[in-house]
>>> print(open('entry-v3.txt').read())   # compact mmCIF, N, CA and C atoms
# COMPACT_ATOMS: atom_id res chain seq x y z
N MET A 1 0.84 -1.19 0.00
CA MET A 1 0.00 0.00 0.00
C MET A 1 0.89 1.26 0.00
N ALA A 2 0.60 2.16 -0.89
CA ALA A 2 1.39 3.39 -1.00
C ALA A 2 1.15 4.30 0.20
N VAL A 3 2.19 4.98 0.60
CA VAL A 3 2.09 5.93 1.71
C VAL A 3 1.39 7.19 1.20
N ARG A 4 0.41 7.64 1.95
CA ARG A 4 -0.25 8.91 1.61
C ARG A 4 0.70 10.05 1.93
N ARG A 5 0.75 11.02 1.03
CA ARG A 5 1.64 12.16 1.21
C ARG A 5 0.85 13.45 1.19
N SER A 6 1.24 14.36 2.07
CA SER A 6 0.65 15.70 2.13
C SER A 6 1.76 16.73 2.09
N ALA A 7 1.39 17.94 1.73
CA ALA A 7 2.36 19.05 1.72
C ALA A 7 1.67 20.29 2.25
N GLY A 8 2.44 21.13 2.93
CA GLY A 8 1.86 22.33 3.52
C GLY A 8 2.85 23.46 3.66
N LEU A 9 2.30 24.59 4.06
CA LEU A 9 3.07 25.81 4.18
C LEU A 9 2.82 26.44 5.54
N LEU A 10 3.90 26.70 6.27
CA LEU A 10 3.83 27.34 7.58
C LEU A 10 4.28 28.78 7.44
N LEU A 11 3.32 29.70 7.57
CA LEU A 11 3.66 31.13 7.55
C LEU A 11 4.20 31.53 8.91
N PHE A 12 5.22 32.39 8.90
CA PHE A 12 5.71 32.95 10.15
C PHE A 12 5.97 34.43 9.96
N ARG A 13 5.92 35.14 11.06
CA ARG A 13 6.24 36.57 11.06
C ARG A 13 6.99 36.89 12.34
N ARG A 14 7.68 37.99 12.32
CA ARG A 14 8.41 38.44 13.51
C ARG A 14 7.61 39.57 14.15
N SER A 15 7.46 39.46 15.45
CA SER A 15 6.76 40.48 16.21
C SER A 15 7.69 40.88 17.35
N GLY A 16 8.41 41.95 17.13
CA GLY A 16 9.44 42.33 18.11
C GLY A 16 10.53 41.28 18.08
N ASP A 17 10.83 40.70 19.24
CA ASP A 17 11.89 39.69 19.29
C ASP A 17 11.34 38.27 19.28
N ARG A 18 10.05 38.12 19.00
CA ARG A 18 9.50 36.76 18.97
C ARG A 18 8.96 36.42 17.59
N VAL A 19 8.83 35.13 17.36
CA VAL A 19 8.31 34.62 16.10
C VAL A 19 6.89 34.11 16.34
N GLU A 20 6.00 34.40 15.40
CA GLU A 20 4.63 33.89 15.45
C GLU A 20 4.37 33.09 14.19
N VAL A 21 3.52 32.06 14.31
CA VAL A 21 3.15 31.23 13.17
C VAL A 21 1.64 31.28 12.98
N LEU A 22 1.22 31.10 11.73
CA LEU A 22 -0.19 31.09 11.38
C LEU A 22 -0.69 29.65 11.36
N LEU A 23 -1.71 29.38 12.18
CA LEU A 23 -2.30 28.05 12.24
C LEU A 23 -3.80 28.14 11.98
N GLY A 24 -4.36 27.05 11.51
CA GLY A 24 -5.80 26.98 11.29
C GLY A 24 -6.41 25.90 12.16
N HIS A 25 -7.55 26.21 12.78
CA HIS A 25 -8.28 25.23 13.57
C HIS A 25 -9.08 24.35 12.61
N MET A 26 -8.91 23.05 12.73
CA MET A 26 -9.55 22.14 11.79
C MET A 26 -11.07 22.19 11.94
N GLY A 27 -11.74 22.30 10.80
CA GLY A 27 -13.18 22.43 10.78
C GLY A 27 -13.88 21.08 10.87
N GLY A 28 -15.17 21.15 11.04
CA GLY A 28 -15.98 19.94 11.10
C GLY A 28 -16.32 19.54 12.52
N PRO A 29 -17.25 18.62 12.65
CA PRO A 29 -17.78 18.26 13.96
C PRO A 29 -16.79 17.53 14.87
N PHE A 30 -15.81 16.84 14.31
CA PHE A 30 -14.86 16.10 15.16
C PHE A 30 -13.98 17.04 15.97
N TRP A 31 -13.71 18.22 15.45
CA TRP A 31 -12.78 19.16 16.07
C TRP A 31 -13.48 20.32 16.76
N ALA A 32 -14.78 20.44 16.62
CA ALA A 32 -15.52 21.62 17.06
C ALA A 32 -15.28 22.01 18.52
N LYS A 33 -15.20 21.06 19.41
CA LYS A 33 -15.06 21.37 20.84
C LYS A 33 -13.65 21.18 21.36
N LYS A 34 -12.69 21.00 20.44
CA LYS A 34 -11.30 20.79 20.84
C LYS A 34 -10.49 22.03 20.49
N ASP A 35 -9.50 22.32 21.30
CA ASP A 35 -8.59 23.42 21.01
C ASP A 35 -7.15 22.93 21.05
N GLU A 36 -6.76 22.32 22.15
CA GLU A 36 -5.40 21.80 22.25
C GLU A 36 -5.21 20.66 21.26
N ALA A 37 -4.13 20.72 20.50
CA ALA A 37 -3.78 19.72 19.49
C ALA A 37 -4.87 19.56 18.42
N ALA A 38 -5.55 20.66 18.09
CA ALA A 38 -6.61 20.65 17.09
C ALA A 38 -6.37 21.66 15.97
N TRP A 39 -5.18 22.19 15.89
CA TRP A 39 -4.82 23.19 14.89
C TRP A 39 -3.77 22.58 13.96
N SER A 40 -3.66 23.12 12.76
CA SER A 40 -2.76 22.57 11.75
C SER A 40 -2.21 23.69 10.89
N LEU A 41 -1.07 23.42 10.24
CA LEU A 41 -0.65 24.34 9.19
C LEU A 41 -1.51 24.01 7.97
N PRO A 42 -1.75 24.95 7.08
CA PRO A 42 -2.53 24.66 5.88
C PRO A 42 -1.80 23.61 5.05
N LYS A 43 -2.44 22.47 4.83
CA LYS A 43 -1.80 21.37 4.11
C LYS A 43 -2.86 20.45 3.54
N GLY A 44 -2.42 19.55 2.67
CA GLY A 44 -3.34 18.58 2.11
C GLY A 44 -2.61 17.57 1.25
N GLU A 45 -3.36 16.56 0.82
CA GLU A 45 -2.77 15.46 0.07
C GLU A 45 -2.36 15.86 -1.34
N LEU A 46 -1.28 15.24 -1.78
CA LEU A 46 -0.80 15.43 -3.14
C LEU A 46 -1.69 14.67 -4.10
N ALA A 47 -1.99 15.28 -5.24
CA ALA A 47 -2.67 14.57 -6.32
C ALA A 47 -1.64 13.69 -7.02
N ASP A 48 -2.09 12.69 -7.76
CA ASP A 48 -1.18 11.81 -8.49
C ASP A 48 -0.24 12.61 -9.37
N GLY A 49 1.05 12.39 -9.21
CA GLY A 49 2.05 13.05 -10.03
C GLY A 49 2.33 14.50 -9.67
N GLU A 50 1.66 15.03 -8.66
CA GLU A 50 1.84 16.44 -8.29
C GLU A 50 3.13 16.63 -7.50
N GLU A 51 3.84 17.71 -7.78
CA GLU A 51 5.03 18.06 -7.02
C GLU A 51 4.61 18.58 -5.65
N PRO A 52 5.35 18.23 -4.59
CA PRO A 52 4.98 18.67 -3.24
C PRO A 52 4.84 20.19 -3.09
N GLU A 53 5.73 20.97 -3.68
CA GLU A 53 5.62 22.43 -3.56
C GLU A 53 4.34 22.95 -4.22
N SER A 54 3.99 22.38 -5.36
CA SER A 54 2.74 22.76 -6.03
C SER A 54 1.54 22.41 -5.17
N ALA A 55 1.58 21.24 -4.54
CA ALA A 55 0.49 20.81 -3.66
C ALA A 55 0.37 21.75 -2.47
N ALA A 56 1.51 22.16 -1.90
CA ALA A 56 1.49 23.09 -0.76
C ALA A 56 0.84 24.41 -1.15
N ARG A 57 1.18 24.92 -2.33
CA ARG A 57 0.57 26.17 -2.82
C ARG A 57 -0.93 26.00 -3.04
N ARG A 58 -1.31 24.91 -3.69
CA ARG A 58 -2.72 24.65 -3.99
C ARG A 58 -3.52 24.50 -2.70
N GLU A 59 -3.01 23.73 -1.76
CA GLU A 59 -3.73 23.50 -0.51
C GLU A 59 -3.86 24.78 0.31
N PHE A 60 -2.83 25.60 0.31
CA PHE A 60 -2.90 26.88 1.01
C PHE A 60 -4.07 27.69 0.45
N ALA A 61 -4.13 27.79 -0.88
CA ALA A 61 -5.20 28.55 -1.53
C ALA A 61 -6.57 27.93 -1.27
N GLU A 62 -6.66 26.60 -1.30
CA GLU A 62 -7.95 25.94 -1.07
C GLU A 62 -8.42 26.13 0.37
N GLU A 63 -7.52 26.00 1.32
CA GLU A 63 -7.92 26.05 2.73
C GLU A 63 -8.15 27.48 3.23
N LEU A 64 -7.39 28.44 2.70
CA LEU A 64 -7.50 29.82 3.20
C LEU A 64 -8.20 30.76 2.23
N GLY A 65 -8.37 30.34 0.99
CA GLY A 65 -9.01 31.21 0.01
C GLY A 65 -8.13 32.36 -0.42
N LEU A 66 -6.85 32.26 -0.19
CA LEU A 66 -5.87 33.29 -0.53
C LEU A 66 -4.67 32.62 -1.19
N PRO A 67 -3.98 33.31 -2.10
CA PRO A 67 -2.80 32.69 -2.71
C PRO A 67 -1.67 32.54 -1.70
N ALA A 68 -0.86 31.52 -1.91
CA ALA A 68 0.33 31.34 -1.07
C ALA A 68 1.26 32.53 -1.28
N PRO A 69 1.84 33.05 -0.22
CA PRO A 69 2.71 34.23 -0.37
C PRO A 69 3.99 33.92 -1.13
N ASP A 70 4.49 34.95 -1.80
CA ASP A 70 5.79 34.85 -2.45
C ASP A 70 6.87 35.05 -1.39
N GLY A 71 8.07 34.79 -1.80
CA GLY A 71 9.19 34.93 -0.88
C GLY A 71 9.94 33.63 -0.81
N PRO A 72 11.12 33.64 -0.23
CA PRO A 72 11.90 32.41 -0.14
C PRO A 72 11.20 31.38 0.76
N TRP A 73 11.07 30.18 0.23
CA TRP A 73 10.51 29.08 1.01
C TRP A 73 11.65 28.32 1.67
N ARG A 74 11.49 28.05 2.94
CA ARG A 74 12.51 27.31 3.69
C ARG A 74 12.01 25.89 3.96
N GLU A 75 12.74 24.91 3.52
CA GLU A 75 12.38 23.50 3.68
C GLU A 75 12.38 23.13 5.17
N LEU A 76 11.29 22.54 5.62
CA LEU A 76 11.19 22.07 7.01
C LEU A 76 11.22 20.54 7.09
N GLY A 77 11.31 19.87 5.95
CA GLY A 77 11.42 18.42 5.95
C GLY A 77 10.07 17.73 6.06
N GLU A 78 10.13 16.49 6.50
CA GLU A 78 8.94 15.65 6.58
C GLU A 78 8.72 15.15 8.00
N VAL A 79 7.46 14.87 8.32
CA VAL A 79 7.08 14.22 9.58
C VAL A 79 6.04 13.15 9.25
N ARG A 80 5.89 12.20 10.13
CA ARG A 80 4.82 11.21 10.03
C ARG A 80 3.67 11.68 10.90
N GLN A 81 2.48 11.70 10.31
CA GLN A 81 1.29 12.13 11.04
C GLN A 81 0.12 11.27 10.62
N SER A 82 -0.45 10.56 11.56
CA SER A 82 -1.67 9.77 11.32
C SER A 82 -1.55 8.89 10.08
N GLY A 83 -0.47 8.14 9.96
CA GLY A 83 -0.32 7.21 8.86
C GLY A 83 0.05 7.83 7.53
N LYS A 84 0.38 9.10 7.50
CA LYS A 84 0.82 9.72 6.25
C LYS A 84 2.10 10.50 6.51
N VAL A 85 2.74 10.90 5.43
CA VAL A 85 3.95 11.70 5.50
C VAL A 85 3.60 13.12 5.08
N VAL A 86 3.93 14.09 5.93
CA VAL A 86 3.65 15.49 5.66
C VAL A 86 4.99 16.21 5.44
N ARG A 87 5.08 16.89 4.32
CA ARG A 87 6.26 17.70 4.00
C ARG A 87 5.85 19.16 4.07
N ALA A 88 6.73 20.00 4.65
CA ALA A 88 6.34 21.40 4.84
C ALA A 88 7.50 22.34 4.54
N TRP A 89 7.08 23.56 4.23
CA TRP A 89 8.00 24.68 4.02
C TRP A 89 7.53 25.83 4.91
N ALA A 90 8.46 26.71 5.21
CA ALA A 90 8.12 27.93 5.95
C ALA A 90 8.40 29.12 5.04
N VAL A 91 7.56 30.13 5.16
CA VAL A 91 7.79 31.38 4.43
C VAL A 91 7.41 32.53 5.35
N GLU A 92 8.24 33.56 5.37
CA GLU A 92 7.95 34.73 6.19
C GLU A 92 6.99 35.64 5.45
N ALA A 93 5.84 35.88 6.05
CA ALA A 93 4.81 36.72 5.43
C ALA A 93 3.80 37.09 6.50
N ASP A 94 3.06 38.13 6.24
CA ASP A 94 1.97 38.52 7.14
C ASP A 94 0.66 38.27 6.40
N LEU A 95 -0.36 37.97 7.15
CA LEU A 95 -1.67 37.68 6.58
C LEU A 95 -2.71 38.04 7.63
N ASP A 96 -3.76 38.70 7.20
CA ASP A 96 -4.84 39.08 8.10
C ASP A 96 -5.82 37.92 8.20
N PRO A 97 -5.96 37.29 9.36
CA PRO A 97 -6.89 36.17 9.50
C PRO A 97 -8.32 36.53 9.08
N ALA A 98 -8.71 37.80 9.18
CA ALA A 98 -10.06 38.21 8.78
C ALA A 98 -10.26 38.11 7.27
N ALA A 99 -9.16 38.05 6.51
CA ALA A 99 -9.25 37.97 5.04
C ALA A 99 -9.44 36.53 4.55
N VAL A 100 -9.33 35.57 5.45
CA VAL A 100 -9.43 34.16 5.07
C VAL A 100 -10.87 33.81 4.69
N VAL A 101 -11.00 33.10 3.58
CA VAL A 101 -12.29 32.57 3.13
C VAL A 101 -12.09 31.06 2.95
N PRO A 102 -12.34 30.29 4.00
CA PRO A 102 -11.96 28.88 3.97
C PRO A 102 -12.74 28.07 2.94
N GLY A 103 -12.02 27.07 2.41
CA GLY A 103 -12.67 26.08 1.55
C GLY A 103 -13.56 25.19 2.41
N THR A 104 -14.37 24.37 1.77
CA THR A 104 -15.29 23.50 2.49
C THR A 104 -15.14 22.05 2.05
N PHE A 105 -15.70 21.15 2.86
CA PHE A 105 -15.76 19.74 2.50
C PHE A 105 -17.12 19.20 2.91
N ASP A 106 -17.55 18.13 2.25
CA ASP A 106 -18.83 17.48 2.55
C ASP A 106 -18.59 16.28 3.44
N LEU A 107 -19.50 16.08 4.39
CA LEU A 107 -19.41 14.97 5.33
C LEU A 107 -20.80 14.52 5.71
N GLU A 108 -20.99 13.21 5.73
CA GLU A 108 -22.27 12.69 6.22
C GLU A 108 -22.31 12.92 7.73
N TRP A 109 -23.26 13.74 8.15
CA TRP A 109 -23.35 14.09 9.57
C TRP A 109 -24.79 14.32 9.96
N PRO A 110 -25.26 13.75 11.03
CA PRO A 110 -24.59 12.76 11.88
C PRO A 110 -24.26 11.47 11.11
N PRO A 111 -23.31 10.70 11.63
CA PRO A 111 -22.92 9.45 10.96
C PRO A 111 -24.13 8.55 10.70
N ARG A 112 -24.11 7.91 9.55
CA ARG A 112 -25.15 6.95 9.12
C ARG A 112 -26.54 7.58 9.03
N SER A 113 -26.60 8.89 8.94
CA SER A 113 -27.90 9.58 8.85
C SER A 113 -28.38 9.73 7.41
N GLY A 114 -27.43 9.58 6.47
CA GLY A 114 -27.77 9.83 5.08
C GLY A 114 -27.79 11.31 4.73
N LYS A 115 -27.58 12.15 5.72
CA LYS A 115 -27.60 13.61 5.50
C LYS A 115 -26.17 14.11 5.33
N VAL A 116 -25.89 14.75 4.21
CA VAL A 116 -24.56 15.29 3.94
C VAL A 116 -24.57 16.79 4.24
N GLN A 117 -23.60 17.20 5.05
CA GLN A 117 -23.49 18.62 5.39
C GLN A 117 -22.14 19.14 4.91
N GLN A 118 -22.05 20.44 4.74
CA GLN A 118 -20.82 21.09 4.33
C GLN A 118 -20.20 21.78 5.55
N PHE A 119 -18.88 21.60 5.68
CA PHE A 119 -18.13 22.19 6.79
C PHE A 119 -16.91 22.92 6.25
N PRO A 120 -16.44 23.98 6.95
CA PRO A 120 -15.21 24.64 6.52
C PRO A 120 -14.00 23.76 6.81
N GLU A 121 -13.02 23.79 5.91
CA GLU A 121 -11.80 23.02 6.16
C GLU A 121 -11.10 23.54 7.41
N LEU A 122 -11.08 24.85 7.56
CA LEU A 122 -10.55 25.50 8.77
C LEU A 122 -11.63 26.44 9.27
N ASP A 123 -12.03 26.31 10.53
CA ASP A 123 -13.12 27.17 11.00
C ASP A 123 -12.63 28.48 11.63
N ARG A 124 -11.34 28.58 11.89
CA ARG A 124 -10.74 29.84 12.31
C ARG A 124 -9.23 29.75 12.11
N VAL A 125 -8.61 30.91 11.99
CA VAL A 125 -7.18 31.01 11.72
C VAL A 125 -6.62 32.05 12.67
N GLY A 126 -5.41 31.81 13.16
CA GLY A 126 -4.81 32.78 14.06
C GLY A 126 -3.30 32.70 14.11
N TRP A 127 -2.71 33.78 14.60
CA TRP A 127 -1.27 33.86 14.82
C TRP A 127 -0.96 33.48 16.26
N PHE A 128 0.09 32.68 16.46
CA PHE A 128 0.48 32.23 17.79
C PHE A 128 1.98 32.27 17.95
N ASP A 129 2.43 32.67 19.15
CA ASP A 129 3.85 32.56 19.44
C ASP A 129 4.20 31.07 19.48
N LEU A 130 5.48 30.74 19.41
CA LEU A 130 5.88 29.34 19.28
C LEU A 130 5.46 28.49 20.48
N GLU A 131 5.52 29.05 21.67
CA GLU A 131 5.13 28.29 22.87
C GLU A 131 3.64 27.91 22.81
N THR A 132 2.80 28.86 22.48
CA THR A 132 1.36 28.59 22.38
C THR A 132 1.08 27.67 21.20
N ALA A 133 1.78 27.87 20.10
CA ALA A 133 1.58 27.02 18.91
C ALA A 133 1.89 25.56 19.22
N ARG A 134 2.87 25.29 20.07
CA ARG A 134 3.20 23.91 20.43
C ARG A 134 2.03 23.22 21.13
N GLU A 135 1.24 23.96 21.88
CA GLU A 135 0.07 23.38 22.55
C GLU A 135 -1.08 23.17 21.57
N LYS A 136 -1.25 24.10 20.66
CA LYS A 136 -2.40 24.07 19.76
C LYS A 136 -2.22 23.13 18.57
N LEU A 137 -1.02 23.02 18.07
CA LEU A 137 -0.73 22.24 16.88
C LEU A 137 -0.90 20.74 17.14
N VAL A 138 -1.43 20.01 16.16
CA VAL A 138 -1.51 18.55 16.29
C VAL A 138 -0.10 18.02 16.54
N LYS A 139 0.00 17.00 17.36
CA LYS A 139 1.31 16.52 17.81
C LYS A 139 2.24 16.16 16.67
N GLY A 140 1.71 15.53 15.63
CA GLY A 140 2.55 15.10 14.52
C GLY A 140 3.26 16.23 13.79
N GLN A 141 2.78 17.46 13.91
CA GLN A 141 3.37 18.59 13.19
C GLN A 141 4.27 19.46 14.06
N ARG A 142 4.38 19.16 15.32
CA ARG A 142 5.15 20.02 16.23
C ARG A 142 6.64 20.10 15.87
N ALA A 143 7.16 19.06 15.24
CA ALA A 143 8.58 19.07 14.84
C ALA A 143 8.86 20.22 13.87
N PHE A 144 7.86 20.62 13.09
CA PHE A 144 8.07 21.75 12.17
C PHE A 144 8.40 23.04 12.93
N LEU A 145 7.81 23.21 14.10
CA LEU A 145 8.11 24.40 14.91
C LEU A 145 9.56 24.37 15.38
N ASP A 146 10.03 23.21 15.80
CA ASP A 146 11.43 23.07 16.24
C ASP A 146 12.36 23.39 15.09
N ARG A 147 12.05 22.88 13.91
CA ARG A 147 12.91 23.11 12.75
C ARG A 147 12.89 24.58 12.33
N LEU A 148 11.75 25.23 12.45
CA LEU A 148 11.66 26.65 12.14
C LEU A 148 12.53 27.45 13.11
N GLU A 149 12.46 27.09 14.38
CA GLU A 149 13.18 27.80 15.41
C GLU A 149 14.70 27.64 15.25
N LEU A 150 15.13 26.46 14.84
CA LEU A 150 16.55 26.18 14.70
C LEU A 150 17.15 26.74 13.42
N GLY A 151 16.28 26.93 12.41
CA GLY A 151 16.76 27.36 11.08
C GLY A 151 17.14 28.72 11.06
>>> encode(input="entry-v3.txt", output="structure tokens")
Amino acid sequence: MAVRRSAGLLLFRRSGDRVEVLLGHMGGPFWAKKDEAAWSLPKGELADGEEPESAARREFAEELGLPAPDGPWRELGEVRQSGKVVRAWAVEADLDPAAVVPGTFDLEWPPRSGKVQQFPELDRVGWFDLETAREKLVKGQRAFLDRLELG
């Protein structure tokens, strides 16, 4: 069985002497009442034959409704998360969370009800200092924060 692969982009900005990262709270009913370890960098699965950087740009645009920022991308490597491999880059940029227009997905909800509902991929987006981001980010992606900090 082939390993599922995802790619994403971690935006960061400098605020005085500290670094902040942009995270999105995962949308849908499974994550609605969770905050700790319920946030993610904008990312998603690669289409067949798609280059990871292209997938990261596409997923950023799909999840946030805004184009991925220009600027030098810094490779953050790969992590294993929930049975898939996630590859990420960091780019320094600012973005107003109020400008985000999240993409949506369909889900049968409640389960086995036959009723399909639409949910936002990310139900809110925010900037967090690295310490707070470590609490909010899903555990599998926390290594990206360490790599950003060391780079």
>>> closest_residue(input="entry-v3.txt", among="A:Gly8, A:Gly114, A:Gly44, A:Gly49", to="A:Trp89", atoms="only N, CA and C atoms")
A:Gly8
>>> select_by_dssp(input="entry-v3.txt", residues="chain A", states="helix (DSSP H, G or I)", output="number ranges by chain")
A: 52-64, 97-99, 130-136, 139-150
>>> residues_around(input="entry-v3.txt", residues="A:Leu122", least_positions_apart="2", cutoff="8 Å", atoms="only N, CA and C atoms", output="list in words")
Leu23, Gly24, His25, Met26, Gly27, Gly28, Glu62, Glu63, Leu64, Val101, Pro102, Gly103, Thr104, Phe105, Phe119, Pro120, Arg124 and Val125 of chain A
>>> atom_distance(input="entry-v3.txt", atom1="atom CA of A:Lys33", atom2="atom CA of A:Ala56")
27.3 Å
>>> residues_around(input="entry-v3.txt", residues="A:Glu75", least_positions_apart="4", cutoff="8 Å", atoms="all atoms listed in the file", output="VMD selection string")
chain A and resid 87 to 91 147 to 148
>>> write_last_selection(input="entry-v3.txt", atoms="N, CA and C atoms", output="mmCIF file, in the frame of the given file")
data_model
loop_
_atom_site.group_PDB
_atom_site.id
_atom_site.type_symbol
_atom_site.label_atom_id
_atom_site.label_comp_id
_atom_site.auth_asym_id
_atom_site.auth_seq_id
_atom_site.Cartn_x
_atom_site.Cartn_y
_atom_site.Cartn_z
ATOM 1 N N ARG A 87 5.080 16.890 4.320
ATOM 2 C CA ARG A 87 6.260 17.700 4.000
ATOM 3 C C ARG A 87 5.850 19.160 4.070
ATOM 4 N N ALA A 88 6.730 20.000 4.650
ATOM 5 C CA ALA A 88 6.340 21.400 4.840
ATOM 6 C C ALA A 88 7.500 22.340 4.540
ATOM 7 N N TRP A 89 7.080 23.560 4.230
ATOM 8 C CA TRP A 89 8.000 24.680 4.020
ATOM 9 C C TRP A 89 7.530 25.830 4.910
ATOM 10 N N ALA A 90 8.460 26.710 5.210
ATOM 11 C CA ALA A 90 8.120 27.930 5.950
ATOM 12 C C ALA A 90 8.400 29.120 5.040
ATOM 13 N N VAL A 91 7.560 30.130 5.160
ATOM 14 C CA VAL A 91 7.790 31.380 4.430
ATOM 15 C C VAL A 91 7.410 32.530 5.350
ATOM 16 N N ARG A 147 12.050 22.880 13.910
ATOM 17 C CA ARG A 147 12.910 23.110 12.750
ATOM 18 C C ARG A 147 12.890 24.580 12.330
ATOM 19 N N LEU A 148 11.750 25.230 12.450
ATOM 20 C CA LEU A 148 11.660 26.650 12.140
ATOM 21 C C LEU A 148 12.530 27.450 13.110
#
>>> residues_around(input="entry-v3.txt", residues="A:Ala47", least_positions_apart="5", cutoff="8 Å", atoms="all atoms listed in the file", output="PyMOL selection string")
chain A and resi 5-6+52+54-55
>>> atom_distance(input="entry-v3.txt", atom1="atom CA of A:Asp123", atom2="atom CA of A:Phe144")
21.9 Å
>>> residues_near_point(input="entry-v3.txt", point="(-19.5, 16.5, 0.9)", cutoff="6 Å", atoms="all atoms listed in the file", output="list in words")
Phe105, Asp106, Leu107, Gln117 and Gln118 of chain A
>>> closest_residue(input="entry-v3.txt", among="A:Pro110, A:Gly140, A:Gly77, A:Pro97", to="A:Gly126", atoms="all atoms listed in the file")
A:Pro97
>>> select_by_dssp(input="entry-v3.txt", residues="stretch 17-131 of chain A", states="strand (DSSP E or B)", output="MDAnalysis selection string")
chainID A and resid 18:26 39:40 43:45 74:81 84:92 104:108 116:120 122:129
>>> closest_residue(input="entry-v3.txt", among="A:Glu121, A:Glu20, A:Asp35, A:Glu53", to="A:Lys136", atoms="only C-alpha atoms")
A:Asp35
>>> build_atoms(input="entry-v3.txt", residues="stretch 100-106 of chain A", atoms="all heavy atoms", output="mmCIF file, keeping the file's coordinate frame")
data_model
loop_
_atom_site.group_PDB
_atom_site.id
_atom_site.type_symbol
_atom_site.label_atom_id
_atom_site.label_comp_id
_atom_site.auth_asym_id
_atom_site.auth_seq_id
_atom_site.Cartn_x
_atom_site.Cartn_y
_atom_site.Cartn_z
ATOM 1 N N VAL A 100 -9.330 35.570 5.450
ATOM 2 C CA VAL A 100 -9.430 34.160 5.070
ATOM 3 C C VAL A 100 -10.870 33.810 4.690
ATOM 4 O O VAL A 100 -11.809 34.168 5.390
ATOM 5 C CB VAL A 100 -8.923 33.256 6.221
ATOM 6 C CG1 VAL A 100 -9.255 31.794 5.979
ATOM 7 C CG2 VAL A 100 -7.427 33.456 6.413
ATOM 8 N N VAL A 101 -11.000 33.100 3.580
ATOM 9 C CA VAL A 101 -12.290 32.570 3.130
ATOM 10 C C VAL A 101 -12.090 31.060 2.950
ATOM 11 O O VAL A 101 -11.652 30.606 1.901
ATOM 12 C CB VAL A 101 -12.728 33.215 1.790
ATOM 13 C CG1 VAL A 101 -14.067 32.655 1.352
ATOM 14 C CG2 VAL A 101 -12.776 34.724 1.903
ATOM 15 N N PRO A 102 -12.340 30.290 4.000
ATOM 16 C CA PRO A 102 -11.960 28.880 3.970
ATOM 17 C C PRO A 102 -12.740 28.070 2.940
ATOM 18 O O PRO A 102 -13.906 28.320 2.659
ATOM 19 C CB PRO A 102 -12.286 28.393 5.386
ATOM 20 C CG PRO A 102 -13.307 29.336 5.892
ATOM 21 C CD PRO A 102 -13.040 30.651 5.229
ATOM 22 N N GLY A 103 -12.020 27.070 2.410
ATOM 23 C CA GLY A 103 -12.670 26.080 1.550
ATOM 24 C C GLY A 103 -13.560 25.190 2.410
ATOM 25 O O GLY A 103 -13.536 25.253 3.643
ATOM 26 N N THR A 104 -14.370 24.370 1.770
ATOM 27 C CA THR A 104 -15.290 23.500 2.490
ATOM 28 C C THR A 104 -15.140 22.050 2.050
ATOM 29 O O THR A 104 -14.538 21.757 1.011
ATOM 30 C CB THR A 104 -16.749 23.934 2.257
ATOM 31 O OG1 THR A 104 -17.028 23.872 0.868
ATOM 32 C CG2 THR A 104 -17.001 25.345 2.775
ATOM 33 N N PHE A 105 -15.700 21.150 2.860
ATOM 34 C CA PHE A 105 -15.760 19.740 2.500
ATOM 35 C C PHE A 105 -17.120 19.200 2.910
ATOM 36 O O PHE A 105 -17.783 19.762 3.786
ATOM 37 C CB PHE A 105 -14.628 18.939 3.168
ATOM 38 C CG PHE A 105 -14.717 18.843 4.666
ATOM 39 C CD1 PHE A 105 -15.319 17.746 5.277
ATOM 40 C CD2 PHE A 105 -14.198 19.845 5.479
ATOM 41 C CE1 PHE A 105 -15.397 17.659 6.664
ATOM 42 C CE2 PHE A 105 -14.270 19.759 6.867
ATOM 43 C CZ PHE A 105 -14.874 18.663 7.457
ATOM 44 N N ASP A 106 -17.550 18.130 2.250
ATOM 45 C CA ASP A 106 -18.830 17.480 2.550
ATOM 46 C C ASP A 106 -18.590 16.280 3.440
ATOM 47 O O ASP A 106 -17.609 15.552 3.274
ATOM 48 C CB ASP A 106 -19.506 17.011 1.256
ATOM 49 C CG ASP A 106 -19.945 18.173 0.386
ATOM 50 O OD1 ASP A 106 -20.202 19.261 0.926
ATOM 51 O OD2 ASP A 106 -20.030 17.986 -0.837
#
